[in-house]
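Peer 1: Pasting a structure here, questions to come.
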Amino acid sequence: MTQRTAYRTCPLCEATCGLELTVEDGRATKVRGDRRDVFSHGFLCPKGVAITELHDDPDRLRHPLVRRGDRLVECTWDEAFAEVDRLLAPILEEHGRDACGIYLGNPVAHAPGATIYAPVLAKALRSRNVFSASTLDQMPKHVSVGAMFGTALSIPIPDLDRTEHLLVLGANPLASNGSLMTAPNARGRLRAIRARGGRVVVVDPRRTRTAEEADEHVRIRPGGDALLLAAMVHVLFEEGLTRPGRLAAFTDGLAALEDATRPFSPERVAEHCGVPAADVRRLARELAAAPTAAVYGRIGTCTVPFGTVTSWLVDALNVLTGNLDRPGGALLTTPATGAAHTRGEPGRGSGMRTGRWHSRVRGLPEAMGELPTSTLADEIETPGEGQVRALITVAGNPARSAPDSDRLDAALSGLDALICVDIYRNETTRHAHVVLPPPSVLQRAHYDVVFTRLAVRNVANWSPAVLPMDEDALDEWEILLRLVGVVTGQGPRADVAAIDRFVALEAARREAATPTSPVAGREPEEIVAALVDAAGTPRVGPARLIDLMLRTGPYGHGLADGYVPPPEPAGVGPAPSPRAATERPDVDTTLAAIRDHGLTLAALEASPHGVDLGPLRPSMPDALRTPTGAIQLAPEAFLADLPRLEATLGEPVDPEALVLVGRRHLRSNNSWMHNLPLLTGGPAPCTLQLHPDDAARLGVTDGQTVSIASRAGEVEAPAEVTDAIRPGVVSLPHGWGHDADGARLAVAGLRPGTNSNVLTDDAQVDPLSGTAVLNGIPVTVRAATREPVPAD
């Protein structure tokens, strides 16, 4: 028996934990947390342990599928791409580029091949009908920070390891392991805040795992976050508690924000947000008085009718209290591969624009080059010029993740062509004409391009593939570039290597044309030729582009040979705690070497546990990319939405009305991990939580099957009666409903759960970002009535 140890970053959620895998005779047999990982220090959640089950899952697709009649059958890659070309070419020719849409799912952000090359495919398609999971999740945050700071990824990250006060709204990092706040071992980090005398406050309708760890849990009414935050801003101005400090020199809109929030006194909003006025005032005062503090909001603040306004007010509070861009507050990252706020002329940019075009049927605005997924069914169903007749999905399951999903499910079944890049035959891909499966996560190299840009500490880690690809398999980036060949008219046998080289040369040209780049003025051919591995072999695919991003990023020295790490020490010491770089001589030494020589992919390849680039650090005003070079504290579009928010204060509050919210589970990540036995055991996760008072009023008992109905649809689920949820609120997890004919998910099918998105309404969106309203859905609940089961 041959045995070896392999290290890699887990790609199954946003925490990016380091894994240590035992590989025996070509099979991964054991998974542990990597105690020497520079970021996670040995922490591991159940999803990481299940990574081998994902690889070995018999339902995971190993070969392409093509539709023959009413069946999906295995075929060769050449046959699959010939069918893609046969289906798409005439649609594009006859009906134009907008006749083919593309949908990018959540896992795209977890895979460098998809992260880098799916946008290449979308650009090559030249269709305005681009959709993604972003408008089912975090798009309000992109829109708000884009307006305030100039780029869609200029997201201030709470400095968890140094803050003295953390205010969390609509987030459950102990279940999500972060989320727009990459933070392995969130529990340990939150406990450390309290251990050093700090305070953690969680605002949520449910007593989540995170709320249980907090000093205080505020049971807000769903959707009331915008009112609460506006009232806290009101208090800061009213009581003279604003302390922007150094930020005042480059912040516009203080007076405008004060005027705009004057109508939102705590006394006026208290009933509608569900938080007593005295508590609102106290929360504002405590935030202002803390030595350092950070306000953090997530999916519960985004997927609501005022998602963008709420996201904006989160960072407005960080600015007003002087906690933006300072240690212990909320700061931008300095990722190794760079970001829009680290490139170009410091302190100035073109800003972020939205609404450059609108959806054909409902006129919803574009953001980040995407249209809202809530209108995808409209675009498929509605005849006329620009109707979506074909759709390419990449790692997405919109038949379960999108609102009014029964309607979208039916629309997908009527497409002339549905091409899916996916490892499963799930509720969406069961309708496909062609399914193109990438290798398993253990068969692909990995670098977290997205989540290192959102991390609570600057780190970089490259993971080589743990296992070889299957014979005749294609890597994910090769699949996507072969699709590029089809949609650009090069045919089903396009030269993938040539397309990949073209992509690399274009990236090199952009860098060469950027005056502030370390390769400015160099020839693109010269730049690409320098992107080789330690043996001098030319890199290809994501590795080549990541090497380029590292060399031209904040720690790179262009085409220089770069930092050479010292040999790895023998033995494994105790896991270090995440401390500031000034307390870590090893970090200081590494950073000094990188500053002298530059960071390259070769350095990461020689550092299996990653490279620690230190804590988050102040970067403003240099990191601003607004046209004025200042923080825009009061963007006009956001101020214009406040009267709509104020109008909600005139609506009656019905004490017996019920509203639905979602919830996360540590063992789940949307809809794509429910086929793994390690993650699906234990108590049934797909229950309807409701408060004992509501249960008594409705005559519902614990465990009883109940019917939940909304304007969009009706589902059934077992009741879970618990005082962990606020009265008037019920909760279902999202991503379930694995009982569709034609799907092949054997484990998930045993416990299919309930598809909560049957209840969400695709007509309801946040108007500023187009994001679906997935929380605060009005529902009715009653005991389900069923026909008695006849005796055998």
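Going through the structure tokens in order, the chains are called A, B, and so on, while each chain numbers its residues from 1 and the ligands are numbered from 1 in the order shown.
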Can you tell me, as a PyMOL selection string, which residues in range 309-446 of chain A count as alpha helix (DSSP H) by DSSP?
Peer 2: chain A and resi 309-320+376-381+398-401+405-413
Peer 1: For the residues in that selection, give me C-alpha atoms as a PDB file, in the first residue's frame.
Peer 2:
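File written: again-v3.pdb
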ATOM      1  CA  VAL A 309     -30.680  50.718   1.791  1.00  0.00           C
ATOM      2  CA  THR A 310     -29.962  48.347   4.672  1.00  0.00           C
ATOM      3  CA  SER A 311     -26.544  47.424   3.274  1.00  0.00           C
ATOM      4  CA  TRP A 312     -25.733  51.124   2.818  1.00  0.00           C
ATOM      5  CA  LEU A 313     -26.732  52.017   6.393  1.00  0.00           C
ATOM      6  CA  VAL A 314     -24.501  49.252   7.786  1.00  0.00           C
ATOM      7  CA  ASP A 315     -21.447  51.010   6.375  1.00  0.00           C
ATOM      8  CA  ALA A 316     -22.841  54.464   7.107  1.00  0.00           C
ATOM      9  CA  LEU A 317     -22.733  53.501  10.787  1.00  0.00           C
ATOM     10  CA  ASN A 318     -19.146  52.299  10.371  1.00  0.00           C
ATOM     11  CA  VAL A 319     -18.239  55.696   8.872  1.00  0.00           C
ATOM     12  CA  LEU A 320     -20.140  57.818  11.397  1.00  0.00           C
ATOM     13  CA  LEU A 376     -35.566  34.816 -15.666  1.00  0.00           C
ATOM     14  CA  ALA A 377     -38.913  33.003 -15.998  1.00  0.00           C
ATOM     15  CA  ASP A 378     -40.408  36.147 -17.594  1.00  0.00           C
ATOM     16  CA  GLU A 379     -37.645  36.241 -20.181  1.00  0.00           C
ATOM     17  CA  ILE A 380     -38.120  32.556 -21.051  1.00  0.00           C
ATOM     18  CA  GLU A 381     -41.924  32.587 -21.187  1.00  0.00           C
ATOM     19  CA  PRO A 398     -32.212  27.803 -10.166  1.00  0.00           C
ATOM     20  CA  ALA A 399     -35.123  25.334 -10.158  1.00  0.00           C
ATOM     21  CA  ARG A 400     -34.615  25.252  -6.387  1.00  0.00           C
ATOM     22  CA  SER A 401     -32.733  28.451  -5.539  1.00  0.00           C
ATOM     23  CA  SER A 405     -39.368  28.066  -8.400  1.00  0.00           C
ATOM     24  CA  ASP A 406     -42.285  25.954  -9.619  1.00  0.00           C
ATOM     25  CA  ARG A 407     -42.850  28.545 -12.332  1.00  0.00           C
ATOM     26  CA  LEU A 408     -39.162  28.667 -13.273  1.00  0.00           C
ATOM     27  CA  ASP A 409     -38.935  24.871 -13.196  1.00  0.00           C
ATOM     28  CA  ALA A 410     -41.728  24.682 -15.779  1.00  0.00           C
ATOM     29  CA  ALA A 411     -40.104  27.429 -17.876  1.00  0.00           C
ATOM     30  CA  LEU A 412     -36.794  25.538 -17.974  1.00  0.00           C
ATOM     31  CA  SER A 413     -38.557  22.472 -19.327  1.00  0.00           C
TER      32      SER A 413
END
Peer 1: Within 7 Å of range 451-467 of chain A, counting only C-alpha atoms, which residues qualify if same-chain residues fewer than 2 places away don't, as a short mmCIF file (atom, residue, chain, number, x, y, z; two decimals) with C-alpha atoms, in the first residue's frame?
Peer 2:
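The file below, out14.cif, is the result:
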data_model
loop_
_atom_site.label_atom_id
_atom_site.label_comp_id
_atom_site.auth_asym_id
_atom_site.auth_seq_id
_atom_site.Cartn_x
_atom_site.Cartn_y
_atom_site.Cartn_z
CA ALA A 6 -1.87 16.03 0.70
CA TYR A 7 -2.90 19.54 1.70
CA ARG A 8 -5.57 21.70 0.16
CA THR A 9 -8.02 24.49 0.91
CA GLU A 14 -16.61 30.50 2.39
CA GLY A 26 -4.86 6.66 -5.15
CA PHE A 39 -5.57 30.91 8.40
CA ILE A 157 -14.72 43.38 6.40
CA PRO A 158 -15.13 43.27 10.21
CA ASP A 159 -11.72 43.01 11.85
CA LEU A 160 -12.87 40.13 14.05
CA LEU A 180 -18.83 38.22 2.81
CA MET A 181 -16.58 37.78 5.85
CA THR A 182 -14.34 34.77 5.27
CA ALA A 183 -13.55 33.58 8.79
CA THR A 333 -8.73 43.58 2.23
CA THR A 334 -5.42 43.67 0.38
CA PRO A 335 -5.72 40.34 -1.45
CA ALA A 336 -2.67 38.75 -3.06
CA LEU A 442 -10.17 16.74 -5.35
CA GLN A 443 -9.14 16.47 -9.00
CA ARG A 444 -8.73 20.21 -9.55
CA ALA A 445 -6.12 22.70 -8.38
CA HIS A 446 -7.55 25.42 -6.18
CA TYR A 447 -7.03 29.06 -5.27
CA ASP A 448 -9.76 31.09 -3.58
CA VAL A 449 -9.84 34.09 -5.89
CA MET A 469 -8.41 13.38 -13.31
CA LEU A 604 2.62 29.44 -2.95
CA GLU A 605 3.35 26.04 -4.51
CA HIS A 609 0.00 25.60 4.38
CA GLY A 610 -0.33 29.03 2.77
CA VAL A 611 1.33 32.39 3.19
CA ASP A 612 0.16 34.79 5.91
CA LEU A 613 0.17 38.34 4.58
CA GLY A 614 -0.89 39.90 7.84
CA PRO A 615 -3.96 41.55 9.32
CA LEU A 616 -6.26 43.91 7.49
#
Peer 1: Using DSSP assignments from the backbone, pull out every residue in range 250-377 of chain A that falls under strand (DSSP E or B) and give it to me as a CSV table (one decimal) with C-alpha atoms, in the first residue's frame.
Peer 2:
chain,number,residue,atom,x,y,z
A,251,THR,CA,-16.3,61.9,3.1
A,252,ASP,CA,-19.2,63.7,1.3
A,294,ALA,CA,-17.7,46.9,13.4
A,295,VAL,CA,-21.2,46.6,12.0
A,296,TYR,CA,-21.8,43.5,9.9
A,297,GLY,CA,-24.9,42.6,7.9
A,324,LEU,CA,-14.3,52.4,8.9
A,330,ALA,CA,-14.2,47.4,9.2
A,331,LEU,CA,-11.5,47.5,6.6
A,358,HIS,CA,-32.9,46.8,-18.2
A,365,PRO,CA,-32.0,47.2,-13.8
A,367,ALA,CA,-26.0,45.5,-11.9
A,370,GLU,CA,-26.3,40.9,-14.6
Peer 1: Counting only C-alpha atoms, which residue out of A:Pro567, A:Pro291, A:Gly369, A:Pro64 sits closest to Arg243 in chain A?
Peer 2: A:Pro291
Peer 1: Quick one: of A:Ser756, A:Thr780, A:Thr428, A:Thr628, who's nearest to Asp741 in chain A, counting only C-alpha atoms?
Peer 2: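 Nearest to Asp741 in chain A: A:Thr428.
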Peer 1: Find the residues near range 687-696 of chain A: any atom within 8 Å, counting only C-alpha atoms, skip ones fewer than 2 places away on the same chain, and give them as a PyMOL selection string.
Peer 2: chain A and resi 684-685+698-701+717-733
Peer 1: For CA of Arg348 in chain A and CA of Thr514 in chain A, quote the distance in Å rounded to one decimal.
Peer 2: 14.3 Å
